[in-house]
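Here is the file run-v3.txt (compact mmCIF, C-alpha atoms and all ligand atoms).
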# COMPACT_ATOMS: atom_id res chain seq x y z
CA MET A 25 0.00 0.00 0.00
CA THR A 26 1.44 3.38 -0.91
CA SER A 27 0.83 6.35 1.24
CA ALA A 28 0.75 10.02 0.34
CA MET A 29 1.42 10.88 3.95
CA PRO A 30 4.38 13.27 4.17
CA SER A 31 7.15 12.13 6.48
CA SER A 32 7.41 13.75 9.88
CA ARG A 33 10.01 16.49 10.21
CA THR A 34 12.06 17.04 13.33
CA ILE A 35 13.07 20.52 14.43
CA ARG A 36 15.76 20.78 17.12
CA LEU A 37 15.27 23.49 19.73
CA GLY A 38 18.42 24.18 21.76
CA THR A 39 17.73 25.00 25.39
CA ARG A 40 19.47 25.69 28.65
CA THR A 41 18.50 23.17 31.27
CA SER A 42 17.30 25.46 34.07
CA ALA A 43 13.65 25.03 35.04
CA LEU A 44 12.76 28.43 33.61
CA ALA A 45 14.58 27.89 30.31
CA THR A 46 13.02 24.44 29.95
CA ALA A 47 9.53 25.81 30.62
CA GLN A 48 9.98 28.61 28.08
CA SER A 49 11.44 26.29 25.44
CA GLY A 50 8.68 23.74 26.02
CA THR A 51 5.98 26.36 25.51
CA ILE A 52 7.48 27.46 22.20
CA ALA A 53 8.03 23.84 21.09
CA ARG A 54 4.35 23.04 21.65
CA ALA A 55 3.24 26.25 19.94
CA LEU A 56 5.34 25.35 16.89
CA GLU A 57 3.87 21.84 16.76
CA ARG A 58 0.36 23.29 16.96
CA ALA A 59 1.14 25.80 14.20
CA ALA A 60 2.49 22.97 12.04
CA ALA A 61 -0.59 20.80 12.64
CA ALA A 62 -2.82 23.73 11.70
CA ALA A 63 -0.85 24.08 8.46
CA GLY A 64 -1.19 20.36 7.74
CA GLU A 65 2.52 19.65 8.36
CA ARG A 66 3.80 16.81 10.51
CA VAL A 67 6.48 18.38 12.68
CA ARG A 68 8.05 17.23 15.91
CA VAL A 69 10.04 19.71 17.97
CA GLU A 70 12.81 18.09 19.99
CA LEU A 71 14.49 19.88 22.92
CA VAL A 72 18.29 19.68 22.71
CA PRO A 73 20.04 20.53 26.01
CA VAL A 74 22.90 22.98 25.58
CA ARG A 75 25.13 23.44 28.58
CA THR A 76 26.27 27.00 28.71
CA GLN A 77 29.50 28.04 30.33
CA GLY A 78 27.43 29.93 32.86
CA ASP A 79 25.78 26.67 33.94
CA VAL A 80 29.15 25.01 34.39
CA ASP A 81 31.14 27.69 36.15
CA PRO A 82 29.51 30.99 36.97
CA SER A 83 32.81 32.71 37.69
CA SER A 84 33.95 32.08 34.14
CA LEU A 85 31.31 34.46 32.88
CA ALA A 86 33.51 37.46 33.46
CA SER A 87 35.98 36.12 30.94
CA LEU A 88 33.21 35.89 28.36
CA GLY A 89 32.71 39.61 28.66
CA GLY A 90 29.83 39.48 31.07
CA THR A 91 26.61 40.37 29.39
CA GLY A 92 24.97 37.85 27.14
CA ALA A 93 27.16 34.95 28.20
CA PHE A 94 24.21 32.62 28.64
CA ALA A 95 22.80 33.54 25.28
CA ALA A 96 26.21 33.26 23.62
CA ALA A 97 26.51 29.49 24.04
CA LEU A 98 22.99 28.90 22.73
CA ARG A 99 23.68 31.19 19.79
CA MET A 100 26.83 29.22 18.96
CA ALA A 101 24.77 26.02 18.96
CA VAL A 102 22.30 27.53 16.46
CA LEU A 103 25.06 28.98 14.29
CA ASP A 104 27.05 25.73 14.07
CA GLY A 105 23.95 23.65 13.33
CA ARG A 106 23.71 21.63 16.58
CA CYS A 107 20.16 22.93 16.73
CA ASP A 108 17.74 24.86 14.51
CA LEU A 109 16.47 27.49 16.91
CA ALA A 110 16.74 28.82 20.45
CA VAL A 111 14.39 30.62 22.82
CA HIS A 112 15.89 33.42 24.90
CA SER A 113 14.52 35.55 27.71
CA PHE A 114 14.61 38.75 25.68
CA LYS A 115 15.81 40.83 28.61
CA ASP A 116 19.01 38.76 28.82
CA LEU A 117 19.96 39.39 25.17
CA PRO A 118 22.57 42.05 24.46
CA THR A 119 21.27 44.83 22.21
CA ALA A 120 23.82 44.20 19.44
CA PRO A 121 22.58 41.85 16.70
CA VAL A 122 24.59 38.71 15.83
CA ASP A 123 25.79 38.01 12.29
CA GLY A 124 24.04 35.01 10.76
CA LEU A 125 21.14 34.97 13.22
CA ARG A 126 17.74 36.57 13.21
CA ILE A 127 14.98 36.95 15.79
CA TRP A 128 12.16 35.41 13.78
CA ALA A 129 9.49 35.68 16.44
CA VAL A 130 8.72 37.79 19.48
CA PRO A 131 5.67 36.06 21.01
CA GLN A 132 3.09 37.95 23.03
CA ARG A 133 4.71 38.84 26.30
CA ASP A 134 3.69 37.80 29.78
CA ASP A 135 3.35 40.19 32.70
CA PRO A 136 6.34 42.56 32.39
CA PHE A 137 6.46 43.60 36.05
CA ASP A 138 8.44 42.52 39.10
CA ALA A 139 7.00 40.94 42.22
CA LEU A 140 7.90 40.77 45.88
CA CYS A 141 7.81 37.37 47.55
CA ALA A 142 8.10 38.02 51.28
CA ARG A 143 7.59 36.22 54.56
CA ASN A 144 4.28 36.51 56.41
CA GLY A 145 2.44 37.85 53.37
CA TRP A 146 4.22 41.20 53.79
CA ASP A 147 3.98 43.77 51.01
CA LEU A 148 6.66 46.43 50.57
CA ASP A 149 5.08 48.79 53.11
CA ASP A 150 4.58 45.99 55.69
CA LEU A 151 8.21 44.85 55.72
CA PRO A 152 9.72 45.61 59.12
CA ARG A 153 12.38 48.32 59.43
CA GLY A 154 15.72 47.08 58.18
CA ALA A 155 14.22 43.95 56.61
CA ARG A 156 16.62 41.90 54.46
CA VAL A 157 15.50 41.80 50.82
CA GLY A 158 17.41 39.78 48.25
CA THR A 159 18.16 40.88 44.70
CA GLY A 160 21.27 40.97 42.56
CA SER A 161 19.82 43.60 40.29
CA PRO A 162 20.96 47.21 40.83
CA ARG A 163 17.74 48.31 39.08
CA ARG A 164 15.58 46.47 41.62
CA ALA A 165 17.77 47.50 44.57
CA ALA A 166 17.66 51.18 43.61
CA GLN A 167 13.87 51.23 43.26
CA LEU A 168 13.36 49.34 46.53
CA LEU A 169 15.54 51.88 48.34
CA LEU A 170 13.76 54.80 46.68
CA ARG A 171 10.61 53.66 48.54
CA ARG A 172 12.15 52.07 51.60
CA PRO A 173 15.60 53.54 52.36
CA ASP A 174 15.77 51.48 55.56
CA LEU A 175 15.81 48.09 53.79
CA ARG A 176 18.95 45.99 53.74
CA ILE A 177 19.57 44.78 50.21
CA VAL A 178 21.28 41.40 50.04
CA ASP A 179 23.08 40.51 46.81
CA ILE A 180 21.82 37.07 45.81
CA ARG A 181 22.39 34.71 42.90
CA GLY A 182 21.04 31.41 41.64
CA ASN A 183 18.01 30.40 39.63
CA VAL A 184 14.44 31.40 40.47
CA PRO A 185 13.54 28.45 42.78
CA THR A 186 16.86 28.78 44.62
CA ARG A 187 16.30 32.48 45.21
CA LEU A 188 12.76 31.82 46.48
CA SER A 189 14.12 29.22 48.87
CA ARG A 190 16.11 31.95 50.62
CA VAL A 191 12.73 33.22 51.87
CA LEU A 192 10.58 30.11 51.98
CA GLY A 193 13.06 27.36 52.68
CA ALA A 194 13.29 24.07 50.83
CA GLY A 195 10.11 22.53 49.53
CA VAL A 196 8.62 25.30 47.42
CA TRP A 197 9.83 23.46 44.34
CA PRO A 198 8.59 19.88 44.45
CA ASP A 199 10.26 18.62 41.27
CA GLY A 200 13.81 19.73 41.55
CA PRO A 201 16.86 20.67 43.47
CA LEU A 202 16.23 23.51 45.79
CA GLY A 203 18.57 25.62 47.85
CA VAL A 204 19.24 23.59 50.95
CA ARG A 205 20.07 26.54 53.15
CA ARG A 206 17.77 27.71 55.88
CA PRO A 207 15.80 30.78 54.85
CA ASP A 208 17.79 33.90 55.68
CA LEU A 209 15.86 36.66 53.90
CA ASP A 210 12.59 38.49 54.56
CA GLY A 211 11.83 38.82 50.87
CA VAL A 212 13.11 38.58 47.30
CA VAL A 213 12.14 40.44 44.14
CA LEU A 214 11.66 38.37 41.00
CA ALA A 215 10.16 38.83 37.56
CA MET A 216 6.46 37.97 37.57
CA ALA A 217 6.86 36.28 34.17
CA GLY A 218 9.33 33.74 35.53
CA LEU A 219 7.06 32.97 38.50
CA ILE A 220 4.10 32.50 36.14
CA ARG A 221 6.06 30.13 33.89
CA LEU A 222 7.18 28.05 36.87
CA GLY A 223 3.76 27.98 38.52
CA LEU A 224 5.08 29.84 41.57
CA THR A 225 2.78 32.90 41.69
CA ALA A 226 1.17 31.68 44.92
CA HIS A 227 4.27 33.05 46.70
CA VAL A 228 3.81 36.63 45.42
CA THR A 229 2.97 39.05 48.23
CA GLU A 230 3.02 42.23 46.12
CA ALA A 231 2.84 42.60 42.36
CA PHE A 232 4.63 45.87 41.65
CA ASP A 233 3.28 48.39 39.17
CA GLU A 234 5.11 51.21 37.41
CA ASP A 235 4.64 53.54 40.38
CA VAL A 236 6.83 51.30 42.52
CA MET A 237 9.17 49.50 40.15
CA LEU A 238 9.80 49.88 36.44
CA PRO A 239 10.93 46.58 34.88
CA ALA A 240 14.03 45.77 32.86
CA ALA A 241 13.85 46.38 29.11
CA ALA A 242 12.03 43.47 27.43
CA GLN A 243 11.19 41.76 30.74
CA GLY A 244 8.51 39.13 30.23
CA ALA A 245 9.21 38.80 26.51
CA LEU A 246 10.88 35.94 24.65
CA ALA A 247 13.06 36.11 21.55
CA VAL A 248 12.95 33.12 19.21
CA GLU A 249 16.13 33.02 17.18
CA ALA A 250 17.22 30.94 14.20
CA ARG A 251 19.77 31.22 11.41
CA ILE A 252 19.16 33.96 8.89
CA ASP A 253 18.95 31.25 6.18
CA ALA A 254 16.71 28.96 8.23
CA ASP A 255 14.43 26.41 6.55
CA PRO A 256 11.35 28.17 5.09
CA LEU A 257 9.01 25.74 6.87
CA LEU A 258 10.55 26.76 10.21
CA THR A 259 10.43 30.48 9.44
CA SER A 260 6.81 30.29 8.28
CA LEU A 261 5.86 28.53 11.52
CA LEU A 262 7.78 31.11 13.56
CA ALA A 263 5.99 33.95 11.77
CA THR A 264 2.70 32.70 13.24
CA LEU A 265 4.12 33.19 16.77
CA ASP A 266 5.21 36.78 16.21
CA HIS A 267 3.26 39.46 18.08
CA ALA A 268 3.61 42.92 16.51
CA VAL A 269 2.54 44.78 19.65
CA THR A 270 5.12 43.06 21.83
CA ARG A 271 7.79 43.64 19.18
CA ALA A 272 7.03 47.39 19.17
CA GLU A 273 7.18 47.52 22.99
CA VAL A 274 10.50 45.70 23.08
CA VAL A 275 11.97 47.84 20.29
CA ALA A 276 11.06 51.01 22.22
CA GLU A 277 12.43 49.69 25.53
CA ARG A 278 15.69 48.45 24.05
CA ALA A 279 16.15 51.73 22.17
CA VAL A 280 16.17 53.51 25.55
CA MET A 281 19.00 51.24 26.75
CA GLU A 282 20.87 51.75 23.48
CA GLY A 283 20.42 55.52 23.62
CA LEU A 284 21.70 55.61 27.21
CA GLU A 285 24.54 53.22 26.25
CA ALA A 286 23.40 51.44 29.39
CA GLY A 287 25.23 48.32 30.52
CA CYS A 288 23.41 45.25 31.82
CA ALA A 289 23.90 46.32 35.45
CA ALA A 290 22.80 49.94 35.01
CA PRO A 291 19.93 50.95 37.31
CA VAL A 292 17.49 51.70 34.50
CA GLY A 293 13.81 50.80 34.51
CA VAL A 294 11.75 51.03 31.34
CA LEU A 295 8.28 50.03 30.23
CA ALA A 296 6.43 50.43 26.94
CA GLN A 297 2.73 49.68 26.86
CA VAL A 298 0.62 49.63 23.71
CA ASP A 299 -3.08 50.36 23.98
CA GLU A 300 -5.75 51.67 21.63
CA ARG A 301 -4.26 55.18 21.84
CA GLY A 302 -0.76 54.14 20.81
CA LEU A 303 2.46 53.39 22.67
CA LEU A 304 3.32 54.88 26.06
CA LEU A 305 6.99 54.72 27.01
CA ASP A 306 8.11 55.34 30.58
CA ALA A 307 11.74 55.17 31.72
CA ALA A 308 13.78 56.07 34.78
CA VAL A 309 17.39 56.08 35.91
CA ILE A 310 17.72 55.68 39.68
CA SER A 311 20.82 56.12 41.83
CA VAL A 312 21.84 52.76 43.28
CA LYS A 313 21.31 53.99 46.83
CA GLY A 314 17.81 55.17 45.93
CA THR A 315 18.51 58.81 46.73
CA GLU A 316 17.68 60.36 43.38
CA ALA A 317 16.07 59.52 40.07
CA VAL A 318 15.22 61.05 36.72
CA ARG A 319 12.22 59.91 34.75
CA SER A 320 10.60 60.61 31.40
CA ARG A 321 7.33 59.50 29.86
CA LEU A 322 6.02 60.08 26.34
CA ARG A 323 3.29 58.70 24.10
CA ILE A 324 3.18 58.16 20.32
CA THR A 325 0.23 57.09 18.22
CA ASP A 326 2.11 55.31 15.41
CA LEU A 327 4.00 52.15 16.43
CA ASP A 328 6.48 52.73 13.60
CA GLY A 329 7.99 55.45 15.76
CA ALA A 330 8.84 53.05 18.62
CA GLU A 331 12.61 53.07 18.14
CA ALA A 332 12.83 56.84 17.64
CA LEU A 333 10.73 57.34 20.78
CA GLY A 334 13.15 55.19 22.77
CA HIS A 335 16.09 57.26 21.58
CA ARG A 336 14.20 60.46 22.36
CA ILE A 337 13.47 59.34 25.93
CA ALA A 338 17.12 58.38 26.37
CA SER A 339 18.30 61.81 25.30
CA ASP A 340 15.71 63.46 27.56
CA LEU A 341 17.02 61.42 30.50
CA LEU A 342 20.62 62.31 29.67
CA GLY A 343 19.52 65.95 29.50
CA TYR A 344 18.07 65.63 33.02
CA GLY A 345 21.44 64.41 34.27
CA ALA A 346 21.00 60.61 34.11
CA GLY A 347 24.76 60.27 33.70
CA ASP A 348 25.33 61.95 37.08
CA VAL A 349 22.60 59.99 38.84
CA ALA A 350 24.07 56.57 38.07
CA ASP A 351 26.94 54.79 36.37
CA LEU A 352 25.17 53.93 33.13
CA ARG A 353 28.07 51.82 31.85
CA ALA A 354 27.85 49.41 34.76
CA THR A 355 28.29 45.84 33.53
CA LYS A 356 29.20 43.75 36.51
CA PRO A 357 30.07 40.25 35.40
CA HIS A 358 26.69 38.78 34.59
CA ARG A 359 26.02 36.49 37.50
CA PRO A 360 23.91 33.35 37.39
CA GLU A 361 21.39 35.20 39.52
CA ALA A 362 20.84 37.42 36.55
CA GLY A 363 20.75 34.62 34.05
CA GLN A 364 17.56 32.70 34.70
N1 LIG A 401 17.55 37.73 34.88
C1 LIG A 401 17.15 36.35 34.93
C2 LIG A 401 15.83 36.19 34.28
N2 LIG A 401 15.71 36.28 32.96
C3 LIG A 401 14.37 36.19 32.66
C4 LIG A 401 13.69 36.03 33.85
C5 LIG A 401 12.24 35.93 34.01
C6 LIG A 401 11.43 35.94 32.75
C7 LIG A 401 11.42 37.25 32.02
O1 LIG A 401 11.70 38.33 32.57
O2 LIG A 401 11.09 37.20 30.81
C8 LIG A 401 14.61 35.99 34.88
C9 LIG A 401 14.35 35.78 36.32
C10 LIG A 401 14.07 37.04 37.07
O3 LIG A 401 14.52 38.12 36.65
O4 LIG A 401 13.42 36.98 38.12

Just give me the structure as structure tokens.
Amino acid sequence: MTSAMPSSRTIRLGTRTSALATAQSGTIARALERAAAAAGERVRVELVPVRTQGDVDPSSLASLGGTGAFAAALRMAVLDGRCDLAVHSFKDLPTAPVDGLRIWAVPQRDDPFDALCARNGWDLDDLPRGARVGTGSPRRAAQLLLRRPDLRIVDIRGNVPTRLSRVLGAGVWPDGPLGVRRPDLDGVVLAMAGLIRLGLTAHVTEAFDEDVMLPAAAQGALAVEARIDADPLLTSLLATLDHAVTRAEVVAERAVMEGLEAGCAAPVGVLAQVDERGLLLDAAVISVKGTEAVRSRLRITDLDGAEALGHRIASDLLGYGAGDVADLRATKPHRPEAGQ
């Protein structure tokens, strides 16, 4: 018996092995398989683990030039053909494009904000004087101190479940290794998107809004990257995942960082939000001790102006003295804490 059934195609998706990276890659893999089925194609997406240098030895990241070290290993795997595509947390991608690669899809983003996970259900105002709050992000530290100068900021690292365990102890993460240490913090600040993807939102005690904490550029968004000459079947499937609104928001936010020439550890918060009236872009540079800040907010009606708006906000901030408020070039070696 002959069959006209086309043979099944396998697409290899390279992924880091952290819980967050695996969750994000799995979501995109399933979305691609659904898109293929809808187009009448038989496609299987296989996850290919790629160990990044950051996973092996965090201290070696400095030698890789800091920023983007996690993404770099995945990008190498796509470029040299070990896999066909990779899913990145967009906020961890350096702004410079990479020769031979293209971001084929920016899916609709999840909640872009940060969240406090604290003991006793405490929100930011409830935290006792001098409470110990963990974050390795100068952006988060600066904005916490702007509101609560009495807090003690503790520099922490590790993946999302490990950081949560510093507040909640072992056991919050049933399926995997968890920090074994006894809880030693009153709270931690994490991206809401990561908590959503890991099913850990029950531990959120305050979801911050833009009045309290502006997120990192592209927080909550994913970038799906493949070779510039990728297979047309793959690129047509990826096109179905692209979300124009999210792309415009991310373009505007990253243009602010580019215009400020901000390093990955600069205390800069930025949020673009598209609604029926257009795109609203809001950005701030905060001194790391939370003593001063400059902020600018502008709206455009045509999304095509997203990048120009980002550059405009950056030059406004520089005009207000952003360069004196904070060290914009700060690029501490990108620690694992900051890498999913
Ligand atoms: N810096 C690490 C990182 N990269 C992406 C996320 C969460 C998901 C996202 O922001 O898209 C996280 C964890 C966190 O910041 O709490």

Problem set entry | Near-Val178 of chain A list (12 Å; only C-alpha atoms; drop same-chain fewer than 3 positions) as JSON, numbers by chain | {"A": [154, 155, 156, 157, 158, 159, 160, 161, 162, 164, 165, 168, 175, 181, 187, 190, 191, 208, 209, 210, 211, 212, 213]}

Exercise. How far is it from atom CA of Gly124 of chain A to atom CA of Gln48 of chain A, in Å with one decimal?
Worked result: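 Interatomic distance here is 23.2 Å.
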
Problem set entry | Counting only C-alpha atoms, the residue of A:Asp255, A:Asp135, A:Asp116, A:Asp233 that sits nearest Gln167 of chain A |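 That would be A:Asp233, the residue with the smallest distance to Gln167 of chain A.
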
Problem set entry | Selection near segment 285-297 of chain A, 9 Å with only C-alpha atoms, sequence-local residues under 5 positions removed, as JSON, numbers by chain | {"A": [90, 91, 92, 116, 118, 136, 137, 161, 162, 163, 164, 165, 166, 167, 234, 237, 238, 239, 240, 241, 242, 243, 269, 270, 272, 273, 274, 276, 277, 278, 280, 302, 303, 304, 305, 306, 307, 308, 309, 310, 311, 312, 350, 351, 352, 353, 354, 355, 356, 357, 358]}

Selected residues written out with C-alpha atoms, as an mmCIF file, in the coordinates of the input:
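Resulting contents of selection04.cif:
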data_model
loop_
_atom_site.group_PDB
_atom_site.id
_atom_site.type_symbol
_atom_site.label_atom_id
_atom_site.label_comp_id
_atom_site.auth_asym_id
_atom_site.auth_seq_id
_atom_site.Cartn_x
_atom_site.Cartn_y
_atom_site.Cartn_z
ATOM 1 C CA GLY A 90 29.830 39.480 31.070
ATOM 2 C CA THR A 91 26.610 40.370 29.390
ATOM 3 C CA GLY A 92 24.970 37.850 27.140
ATOM 4 C CA ASP A 116 19.010 38.760 28.820
ATOM 5 C CA PRO A 118 22.570 42.050 24.460
ATOM 6 C CA PRO A 136 6.340 42.560 32.390
ATOM 7 C CA PHE A 137 6.460 43.600 36.050
ATOM 8 C CA SER A 161 19.820 43.600 40.290
ATOM 9 C CA PRO A 162 20.960 47.210 40.830
ATOM 10 C CA ARG A 163 17.740 48.310 39.080
ATOM 11 C CA ARG A 164 15.580 46.470 41.620
ATOM 12 C CA ALA A 165 17.770 47.500 44.570
ATOM 13 C CA ALA A 166 17.660 51.180 43.610
ATOM 14 C CA GLN A 167 13.870 51.230 43.260
ATOM 15 C CA GLU A 234 5.110 51.210 37.410
ATOM 16 C CA MET A 237 9.170 49.500 40.150
ATOM 17 C CA LEU A 238 9.800 49.880 36.440
ATOM 18 C CA PRO A 239 10.930 46.580 34.880
ATOM 19 C CA ALA A 240 14.030 45.770 32.860
ATOM 20 C CA ALA A 241 13.850 46.380 29.110
ATOM 21 C CA ALA A 242 12.030 43.470 27.430
ATOM 22 C CA GLN A 243 11.190 41.760 30.740
ATOM 23 C CA VAL A 269 2.540 44.780 19.650
ATOM 24 C CA THR A 270 5.120 43.060 21.830
ATOM 25 C CA ALA A 272 7.030 47.390 19.170
ATOM 26 C CA GLU A 273 7.180 47.520 22.990
ATOM 27 C CA VAL A 274 10.500 45.700 23.080
ATOM 28 C CA ALA A 276 11.060 51.010 22.220
ATOM 29 C CA GLU A 277 12.430 49.690 25.530
ATOM 30 C CA ARG A 278 15.690 48.450 24.050
ATOM 31 C CA VAL A 280 16.170 53.510 25.550
ATOM 32 C CA GLY A 302 -0.760 54.140 20.810
ATOM 33 C CA LEU A 303 2.460 53.390 22.670
ATOM 34 C CA LEU A 304 3.320 54.880 26.060
ATOM 35 C CA LEU A 305 6.990 54.720 27.010
ATOM 36 C CA ASP A 306 8.110 55.340 30.580
ATOM 37 C CA ALA A 307 11.740 55.170 31.720
ATOM 38 C CA ALA A 308 13.780 56.070 34.780
ATOM 39 C CA VAL A 309 17.390 56.080 35.910
ATOM 40 C CA ILE A 310 17.720 55.680 39.680
ATOM 41 C CA SER A 311 20.820 56.120 41.830
ATOM 42 C CA VAL A 312 21.840 52.760 43.280
ATOM 43 C CA ALA A 350 24.070 56.570 38.070
ATOM 44 C CA ASP A 351 26.940 54.790 36.370
ATOM 45 C CA LEU A 352 25.170 53.930 33.130
ATOM 46 C CA ARG A 353 28.070 51.820 31.850
ATOM 47 C CA ALA A 354 27.850 49.410 34.760
ATOM 48 C CA THR A 355 28.290 45.840 33.530
ATOM 49 C CA LYS A 356 29.200 43.750 36.510
ATOM 50 C CA PRO A 357 30.070 40.250 35.400
ATOM 51 C CA HIS A 358 26.690 38.780 34.590
#

All residues 9 Å or closer to Val74 of chain A, only C-alpha atoms, same chain fewer than 3 positions away omitted, as a CSV table (one decimal) with C-alpha atoms, in the coordinates of the input:
chain,number,residue,atom,x,y,z
A,38,GLY,CA,18.4,24.2,21.8
A,39,THR,CA,17.7,25.0,25.4
A,40,ARG,CA,19.5,25.7,28.6
A,41,THR,CA,18.5,23.2,31.3
A,97,ALA,CA,26.5,29.5,24.0
A,98,LEU,CA,23.0,28.9,22.7
A,101,ALA,CA,24.8,26.0,19.0

Exercise. How far is it from atom CA of Ala250 of chain A to atom CA of Glu70 of chain A, in Å with one decimal?
Worked result: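 Rounded to one decimal, the two atoms are 14.8 Å apart.
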
Exercise. How many Å lie between atom CA of Arg172 of chain A and atom CA of Lys313 of chain A, rounded to one decimal?
Worked result: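 Result for atom CA of Arg172 of chain A versus atom CA of Lys313 of chain A: 10.5 Å, one decimal.
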
What's around Asp149 of chain A at 12 Å? Count only C-alpha atoms, leave out sequence neighbours fewer than 6 positions away in its own chain, and write the answer as a short mmCIF file (atom, residue, chain, number, x, y, z; two decimals) with C-alpha atoms, in the frame of the given file.
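Everything below was put into out15.cif:
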data_model
loop_
_atom_site.label_atom_id
_atom_site.label_comp_id
_atom_site.auth_asym_id
_atom_site.auth_seq_id
_atom_site.Cartn_x
_atom_site.Cartn_y
_atom_site.Cartn_z
CA LEU A 140 7.90 40.77 45.88
CA ALA A 142 8.10 38.02 51.28
CA ALA A 155 14.22 43.95 56.61
CA LEU A 168 13.36 49.34 46.53
CA LEU A 169 15.54 51.88 48.34
CA ARG A 171 10.61 53.66 48.54
CA ARG A 172 12.15 52.07 51.60
CA PRO A 173 15.60 53.54 52.36
CA ASP A 174 15.77 51.48 55.56
CA LEU A 175 15.81 48.09 53.79
CA THR A 229 2.97 39.05 48.23
CA GLU A 230 3.02 42.23 46.12
CA PHE A 232 4.63 45.87 41.65
CA VAL A 236 6.83 51.30 42.52
#

Problem set entry | For Ala279 of chain A: contacts at 8 Å, only C-alpha atoms, fewer than 3 positions along chain excluded, given as a PyMOL selection string | chain A and resi 275-276+282-283+331-335+338

Problem set entry | Residue with smallest distance to Ile177 of chain A - pool A:Gly314, A:Leu56, A:Arg336, A:Pro121, counting only C-alpha atoms |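 Closest to Ile177 of chain A, using only C-alpha atoms: A:Gly314.
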
Exercise. Pick from A:Leu219, A:Leu109, A:Ala254, A:Leu37: nearest to ligand LIG 401 (chain A), with only C-alpha atoms and all ligand atoms counted?
Worked result: A:Leu219
